[in-house]
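See structure below.
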Amino acid sequence: MAVLGDLLLAGGFIDQKQRSDLEPLDKQIRLQTKSRSRVDDESSAFRAVAALNLTDASGKGTRIDDLLLARLVADATSTPFVKIDPLKLDIEFIESKISRPFARRHQMVPLQIKDGRLVVAMVNPQDFQAIELYREMVRQELEVVVTAESDLRRIINEYYGFRSAVTKAERDMKGGFDLGNLEQFVKLKSNVEMESSDQHIVNAVDYLLQHAYDSRASDIHIEPKREYAQIRFRIDGVLHEIYRMPKLVNLAVTSRLKTMCRMDIAEKRRPQDGRIKTDRQGQEVELRVSTLPTAFGEKMVMRIFDPEVLVRDLTALGFYEDELTAFDDWIRRPHGIILVTGPTGSGKTVTLYSTLKHLHAPDINITTIEDPIEMVYEEFNQTAVHNKIGLTFAQALRTILRQDPDIIMVGEIRDQETAQNAVQAALTGHLVFSTLHTNDASSSITRLVDLGIEPYLISSTLVGAMAQRLMRTICTDCKQNRPLMAEEAAMLNLQAPTGKRIIVKEGAGCHRCRGTGYFGRTGIFEVLTIDSAMRDLIDQGKDFLTIKDTAIKRGMRTLRQSALRRLAEGTTTFEEVVRVTGI
């Protein structure tokens, strides 16, 4: 068979010069018809080409990776190509059909039984020796498909490894007792504890975290049930079930995680909080860990704070140009209060951290007060609230004002004392960022009044208020057109020209987006600038509806309008607009 370089040249992905550069590697990257190399062998044909970081010669800027190479091999051998979705694999089925060493050596993983044939994903579909050997082992007809080497390696090393570690741990722990289930009133031993340092448990936790990172998860949920523990990942704001773990193993996994974040592993009756700092490809990733006693044991939630996600360039948050211009004007002010509003999970922390990172400079003192600290960032002076010792938002803010700050970020204004201190800080020449849990930008003014702040103080200190939400974006690989139904258009107060229908985009569902039709999220914003007209309304004590109507007339775009603009642009779907902004 032709070497991969010939396939790339024939497909127009490289030019003759690039093909010449590959000639020294021809022997190394030639697709073999015998199974001789292991997956972890660095002379892998696909890794040898991918390591060169070649770029599509057509000028599109597409990097030539093993996914592209796998598609070319599939076409050249007339073999179906499959993009493996780890979240939809039946690991028990895989483990029953193939051993991990055999899968690693021959670069193959069985996926499912289809029409009486066992579907096997391989990197090299012309490894006839491995195919025949495996056919004799399983005594079943095979249907070979091609997959990317990186996907197959991830299944074997991470997901498959997690299942293996859990199985071995369960085997070693047979005979233990579940101390966390409130339904188990009779206990034969009161001092039984699972061994959290067992190597299988250590491996299982490592595999779990790595799989969460690779899946772009923002949260990991480990939830004990009566007979098992459920593991779920939140990806793009939606929870996906990943695995069901035996209760005995769950106790050890939970203990291991509690040990890693320096919690008290003996304390199971009270909620606890902790942190874990891990390394991912040379990049530090923090996890904020929380436990909660439930009827069947301790529920654990780990929120993943990847610096590349949490601290971004302001232009990557989803602002439209006029919104970014207004927000940039706010944060350049020497003093005042800037509020970011929205419910939990709306992206307020990302916006604030990204803003502080944008403003950071050697000559500026930035101090934050958080409950808890979301992510430790050495360029800021970060303080965590401790209510048990009297260190509240208000107390911390009073102390910080004696620390010569330039910019202060208060995690949330919750009470009158904190609100008054924030106003006092703004009046004395500090720029204060904070959040409120209100539905829109104009409601934040009413909320401050409810907290006891006089309207004249609000009008003189508030620079602007911004409401925000996160919307899932359509997967670009499976984006397609669809017409809006008449009732759907009516729900959004949209009207098509006579005889025509409104065309929007949606995701059909593919391997890249795991069949959801969505990949990634973007922000939508409602930016309320407090100018002279707004100050007059605030001083007059006008309600938030009057303020909002006036702001809209002066050019403010509401959350619903921003969502509809995303819909018209083909960035998101009708269903997502309704989910995020309501009917």
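For the structure tokens, the naming scheme is as follows: chains receive sequential letters (A, B, ...) according to their order of presentation, residues are indexed from 1 within each chain, and ligands are indexed from 1 in presentation order.
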
Could you write out, as a PDB file with C-alpha atoms, in the first residue's frame, all the residues of stretch 242-431 of chain A that DSSP marks as strand (DSSP E)?
```
ATOM      1  CA  ILE A 242     -20.423   8.644  32.067  1.00  0.00           C
ATOM      2  CA  TYR A 243     -20.278   5.585  34.269  1.00  0.00           C
ATOM      3  CA  ARG A 244     -21.933   3.677  37.100  1.00  0.00           C
ATOM      4  CA  MET A 245     -19.413   2.682  39.723  1.00  0.00           C
ATOM      5  CA  PRO A 246     -19.792   0.001  42.431  1.00  0.00           C
ATOM      6  CA  GLN A 272     -16.610  20.111  53.122  1.00  0.00           C
ATOM      7  CA  ASP A 273     -14.755  22.202  50.544  1.00  0.00           C
ATOM      8  CA  GLY A 274     -11.302  21.710  49.099  1.00  0.00           C
ATOM      9  CA  ARG A 275      -9.066  22.261  46.102  1.00  0.00           C
ATOM     10  CA  ILE A 276      -6.881  20.132  43.866  1.00  0.00           C
ATOM     11  CA  LYS A 277      -4.214  21.485  41.538  1.00  0.00           C
ATOM     12  CA  THR A 278      -3.277  19.161  38.688  1.00  0.00           C
ATOM     13  CA  ASP A 279      -1.036  19.252  35.653  1.00  0.00           C
ATOM     14  CA  ARG A 280      -2.375  18.809  32.154  1.00  0.00           C
ATOM     15  CA  GLN A 283      -0.693  23.618  32.142  1.00  0.00           C
ATOM     16  CA  GLU A 284      -1.944  23.901  35.717  1.00  0.00           C
ATOM     17  CA  VAL A 285      -5.636  23.071  36.117  1.00  0.00           C
ATOM     18  CA  GLU A 286      -7.444  23.640  39.401  1.00  0.00           C
ATOM     19  CA  LEU A 287     -10.455  21.740  40.690  1.00  0.00           C
ATOM     20  CA  ARG A 288     -12.721  23.129  43.391  1.00  0.00           C
ATOM     21  CA  VAL A 289     -14.165  20.189  45.300  1.00  0.00           C
ATOM     22  CA  SER A 290     -17.325  20.123  47.395  1.00  0.00           C
ATOM     23  CA  THR A 291     -18.904  17.253  49.354  1.00  0.00           C
ATOM     24  CA  LEU A 292     -22.478  16.999  50.617  1.00  0.00           C
ATOM     25  CA  PRO A 293     -23.926  14.221  52.825  1.00  0.00           C
ATOM     26  CA  THR A 294     -26.915  12.534  51.171  1.00  0.00           C
ATOM     27  CA  GLY A 297     -23.439   8.650  51.104  1.00  0.00           C
ATOM     28  CA  GLU A 298     -21.338  11.674  50.225  1.00  0.00           C
ATOM     29  CA  LYS A 299     -22.043  13.407  46.953  1.00  0.00           C
ATOM     30  CA  MET A 300     -18.954  15.032  45.474  1.00  0.00           C
ATOM     31  CA  VAL A 301     -18.852  17.742  42.820  1.00  0.00           C
ATOM     32  CA  MET A 302     -15.595  18.934  41.289  1.00  0.00           C
ATOM     33  CA  ARG A 303     -15.648  22.173  39.319  1.00  0.00           C
ATOM     34  CA  ILE A 304     -12.812  22.345  36.799  1.00  0.00           C
ATOM     35  CA  PHE A 305     -11.040  25.657  36.373  1.00  0.00           C
ATOM     36  CA  GLY A 336     -16.877  53.649  40.281  1.00  0.00           C
ATOM     37  CA  ILE A 337     -18.861  50.410  40.530  1.00  0.00           C
ATOM     38  CA  ILE A 338     -19.300  47.937  37.666  1.00  0.00           C
ATOM     39  CA  LEU A 339     -21.887  45.181  38.190  1.00  0.00           C
ATOM     40  CA  VAL A 340     -22.178  41.876  36.338  1.00  0.00           C
ATOM     41  CA  THR A 341     -25.502  40.119  36.898  1.00  0.00           C
ATOM     42  CA  ILE A 366      -5.772  44.345  42.263  1.00  0.00           C
ATOM     43  CA  THR A 367      -7.440  42.673  45.247  1.00  0.00           C
ATOM     44  CA  THR A 368     -10.359  40.232  45.222  1.00  0.00           C
ATOM     45  CA  ILE A 369     -12.778  38.991  47.894  1.00  0.00           C
ATOM     46  CA  GLU A 370     -14.334  35.659  46.964  1.00  0.00           C
ATOM     47  CA  ASN A 381      -4.259  39.456  45.779  1.00  0.00           C
ATOM     48  CA  GLN A 382      -7.074  37.052  46.583  1.00  0.00           C
ATOM     49  CA  THR A 383      -8.934  36.773  49.875  1.00  0.00           C
ATOM     50  CA  ALA A 384     -11.446  34.068  50.791  1.00  0.00           C
ATOM     51  CA  ILE A 407      -9.101  47.785  41.754  1.00  0.00           C
ATOM     52  CA  ILE A 408     -11.314  45.678  44.023  1.00  0.00           C
ATOM     53  CA  MET A 409     -13.397  42.693  42.990  1.00  0.00           C
ATOM     54  CA  VAL A 410     -16.119  41.676  45.437  1.00  0.00           C
ATOM     55  CA  LEU A 431     -12.773  50.870  40.807  1.00  0.00           C
TER      56      LEU A 431
END
```

Excluding A:Ser218 and residues on its chain fewer than 2 positions from it, collect all residues at most 10 Å away from it, counting only C-alpha atoms, and give them as a PyMOL selection string.
chain A and resi 212-213+215-216+220+233-239+287+302-306+309

Write to file, as a compact mmCIF listing (two decimals), in the first residue's frame, the residues of the selection just made, with all heavy atoms.
```
# COMPACT_ATOMS: atom_id res chain seq x y z
N ALA A 212 -12.17 13.64 31.98
CA ALA A 212 -12.96 14.87 32.11
C ALA A 212 -12.31 16.02 31.35
O ALA A 212 -12.99 16.79 30.66
CB ALA A 212 -13.13 15.22 33.58
N TYR A 213 -10.98 16.14 31.46
CA TYR A 213 -10.28 17.20 30.74
C TYR A 213 -10.45 17.03 29.21
O TYR A 213 -10.73 17.99 28.49
CB TYR A 213 -8.79 17.20 31.08
CG TYR A 213 -8.47 17.46 32.53
CD1 TYR A 213 -7.28 17.03 33.09
CD2 TYR A 213 -9.36 18.15 33.36
CE1 TYR A 213 -6.97 17.27 34.42
CE2 TYR A 213 -9.06 18.38 34.69
CZ TYR A 213 -7.87 17.94 35.22
OH TYR A 213 -7.58 18.17 36.52
N SER A 215 -12.76 15.61 27.65
CA SER A 215 -14.16 15.76 27.23
C SER A 215 -14.65 17.20 27.33
O SER A 215 -15.82 17.47 27.09
CB SER A 215 -15.06 14.86 28.10
OG SER A 215 -14.71 13.51 27.95
N ARG A 216 -13.76 18.13 27.71
CA ARG A 216 -14.12 19.54 27.89
C ARG A 216 -15.16 19.73 28.99
O ARG A 216 -16.00 20.64 28.93
CB ARG A 216 -14.64 20.16 26.58
CG ARG A 216 -13.70 20.09 25.41
CD ARG A 216 -14.27 20.77 24.18
NE ARG A 216 -15.51 20.17 23.75
CZ ARG A 216 -16.71 20.74 23.87
NH1 ARG A 216 -16.83 21.94 24.41
NH2 ARG A 216 -17.79 20.13 23.46
N ILE A 220 -17.49 17.67 37.39
CA ILE A 220 -17.59 16.22 37.57
C ILE A 220 -18.50 15.97 38.77
O ILE A 220 -18.25 16.49 39.86
CB ILE A 220 -16.22 15.58 37.82
CG1 ILE A 220 -15.23 15.91 36.70
CG2 ILE A 220 -16.35 14.06 37.98
CD1 ILE A 220 -13.81 15.49 37.00
N PHE A 233 -20.58 14.08 33.81
CA PHE A 233 -19.80 15.25 33.40
C PHE A 233 -20.76 16.33 32.89
O PHE A 233 -21.73 16.00 32.18
CB PHE A 233 -18.83 14.92 32.26
CG PHE A 233 -17.69 14.02 32.65
CD1 PHE A 233 -16.86 13.48 31.66
CD2 PHE A 233 -17.42 13.71 33.97
CE1 PHE A 233 -15.80 12.65 32.00
CE2 PHE A 233 -16.37 12.88 34.32
CZ PHE A 233 -15.56 12.35 33.33
N ARG A 234 -20.49 17.57 33.24
CA ARG A 234 -21.22 18.67 32.62
C ARG A 234 -20.39 19.20 31.46
O ARG A 234 -19.29 19.71 31.66
CB ARG A 234 -21.51 19.79 33.63
CG ARG A 234 -22.42 20.89 33.05
CD ARG A 234 -22.76 21.94 34.09
NE ARG A 234 -23.55 21.43 35.19
CZ ARG A 234 -24.86 21.23 35.15
NH1 ARG A 234 -25.54 21.50 34.05
NH2 ARG A 234 -25.49 20.77 36.21
N ILE A 235 -20.92 19.08 30.26
CA ILE A 235 -20.23 19.51 29.04
C ILE A 235 -21.11 20.52 28.33
O ILE A 235 -22.27 20.23 28.02
CB ILE A 235 -19.92 18.31 28.12
CG1 ILE A 235 -19.10 17.26 28.87
CG2 ILE A 235 -19.17 18.77 26.87
CD1 ILE A 235 -18.93 15.97 28.11
N ASP A 236 -20.60 21.72 28.08
CA ASP A 236 -21.36 22.79 27.46
C ASP A 236 -22.66 23.05 28.21
O ASP A 236 -23.72 23.28 27.62
CB ASP A 236 -21.65 22.48 25.99
CG ASP A 236 -20.41 22.48 25.13
OD1 ASP A 236 -19.41 23.13 25.52
OD2 ASP A 236 -20.40 21.81 24.08
N GLY A 237 -22.60 22.97 29.54
CA GLY A 237 -23.75 23.30 30.36
C GLY A 237 -24.75 22.19 30.56
O GLY A 237 -25.75 22.38 31.27
N VAL A 238 -24.54 21.02 29.97
CA VAL A 238 -25.50 19.91 30.07
C VAL A 238 -24.80 18.70 30.68
O VAL A 238 -23.67 18.36 30.31
CB VAL A 238 -26.07 19.55 28.67
CG1 VAL A 238 -27.01 18.36 28.76
CG2 VAL A 238 -26.78 20.76 28.07
N LEU A 239 -25.49 18.01 31.60
CA LEU A 239 -24.92 16.84 32.26
C LEU A 239 -25.07 15.59 31.39
O LEU A 239 -26.11 15.35 30.79
CB LEU A 239 -25.62 16.61 33.60
CG LEU A 239 -25.19 17.51 34.76
CD1 LEU A 239 -26.10 17.30 35.96
CD2 LEU A 239 -23.74 17.26 35.14
N LEU A 287 -9.13 22.27 40.47
CA LEU A 287 -10.45 21.74 40.69
C LEU A 287 -10.92 22.21 42.06
O LEU A 287 -10.20 22.07 43.06
CB LEU A 287 -10.48 20.21 40.65
CG LEU A 287 -10.15 19.55 39.31
CD1 LEU A 287 -8.67 19.25 39.21
CD2 LEU A 287 -10.96 18.27 39.14
N MET A 302 -16.87 18.27 41.56
CA MET A 302 -15.59 18.93 41.29
C MET A 302 -15.78 19.90 40.12
O MET A 302 -16.13 19.49 39.02
CB MET A 302 -14.53 17.89 40.95
CG MET A 302 -14.14 17.02 42.12
SD MET A 302 -12.99 15.70 41.65
CE MET A 302 -14.13 14.53 40.94
N ARG A 303 -15.57 21.16 40.38
CA ARG A 303 -15.65 22.17 39.32
C ARG A 303 -14.25 22.40 38.76
O ARG A 303 -13.31 22.67 39.52
CB ARG A 303 -16.23 23.47 39.85
CG ARG A 303 -16.21 24.63 38.87
CD ARG A 303 -17.29 25.63 39.17
NE ARG A 303 -18.61 25.12 38.81
CZ ARG A 303 -19.72 25.85 38.85
NH1 ARG A 303 -19.68 27.11 39.22
NH2 ARG A 303 -20.87 25.32 38.52
N ILE A 304 -14.12 22.27 37.45
CA ILE A 304 -12.81 22.35 36.80
C ILE A 304 -12.55 23.77 36.34
O ILE A 304 -13.36 24.36 35.61
CB ILE A 304 -12.76 21.38 35.60
CG1 ILE A 304 -13.00 19.95 36.07
CG2 ILE A 304 -11.42 21.49 34.88
CD1 ILE A 304 -13.17 18.96 34.93
N PHE A 305 -11.42 24.30 36.76
CA PHE A 305 -11.04 25.66 36.37
C PHE A 305 -9.77 25.60 35.53
O PHE A 305 -8.66 25.61 36.06
CB PHE A 305 -10.84 26.54 37.61
CG PHE A 305 -12.10 26.82 38.35
CD1 PHE A 305 -12.38 26.13 39.52
CD2 PHE A 305 -13.02 27.73 37.89
CE1 PHE A 305 -13.55 26.37 40.21
CE2 PHE A 305 -14.20 27.98 38.56
CZ PHE A 305 -14.46 27.29 39.73
N ASP A 306 -9.97 25.51 34.25
CA ASP A 306 -8.86 25.52 33.31
C ASP A 306 -8.51 26.98 33.03
O ASP A 306 -9.38 27.75 32.58
CB ASP A 306 -9.27 24.81 32.02
CG ASP A 306 -8.12 24.63 31.04
OD1 ASP A 306 -7.15 25.40 31.14
OD2 ASP A 306 -8.19 23.72 30.20
N VAL A 309 -9.74 28.53 29.93
CA VAL A 309 -11.18 28.75 29.84
C VAL A 309 -11.61 29.90 30.74
O VAL A 309 -12.41 30.75 30.37
CB VAL A 309 -11.95 27.47 30.21
CG1 VAL A 309 -13.45 27.73 30.23
CG2 VAL A 309 -11.62 26.35 29.23
```

With distances taken over only C-alpha atoms, the candidate from A:Lys114, A:His106, A:Arg472, A:Arg501 nearest A:Arg153 is A:His106

List every residue of stretch 314-527 of chain A that DSSP, applied to the backbone of this structure, assigns to helix (DSSP H, G or I), and report them as a PyMOL selection string.
chain A and resi 314-316+321-331+348-359+387-389+393-400+416-427+443-450+455-461+486-491

From the list A:Arg402, A:Lys388, A:Lys553, A:Arg514, which residue is nearest A:Ile84 when using only C-alpha atoms?
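Nearest to A:Ile84: A:Arg514.
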
Distance of atom CA of A:Ala169 from atom CA of A:Ile156, expressed in Å to one decimal place:
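Between these atoms lies a distance of 18.2 Å.
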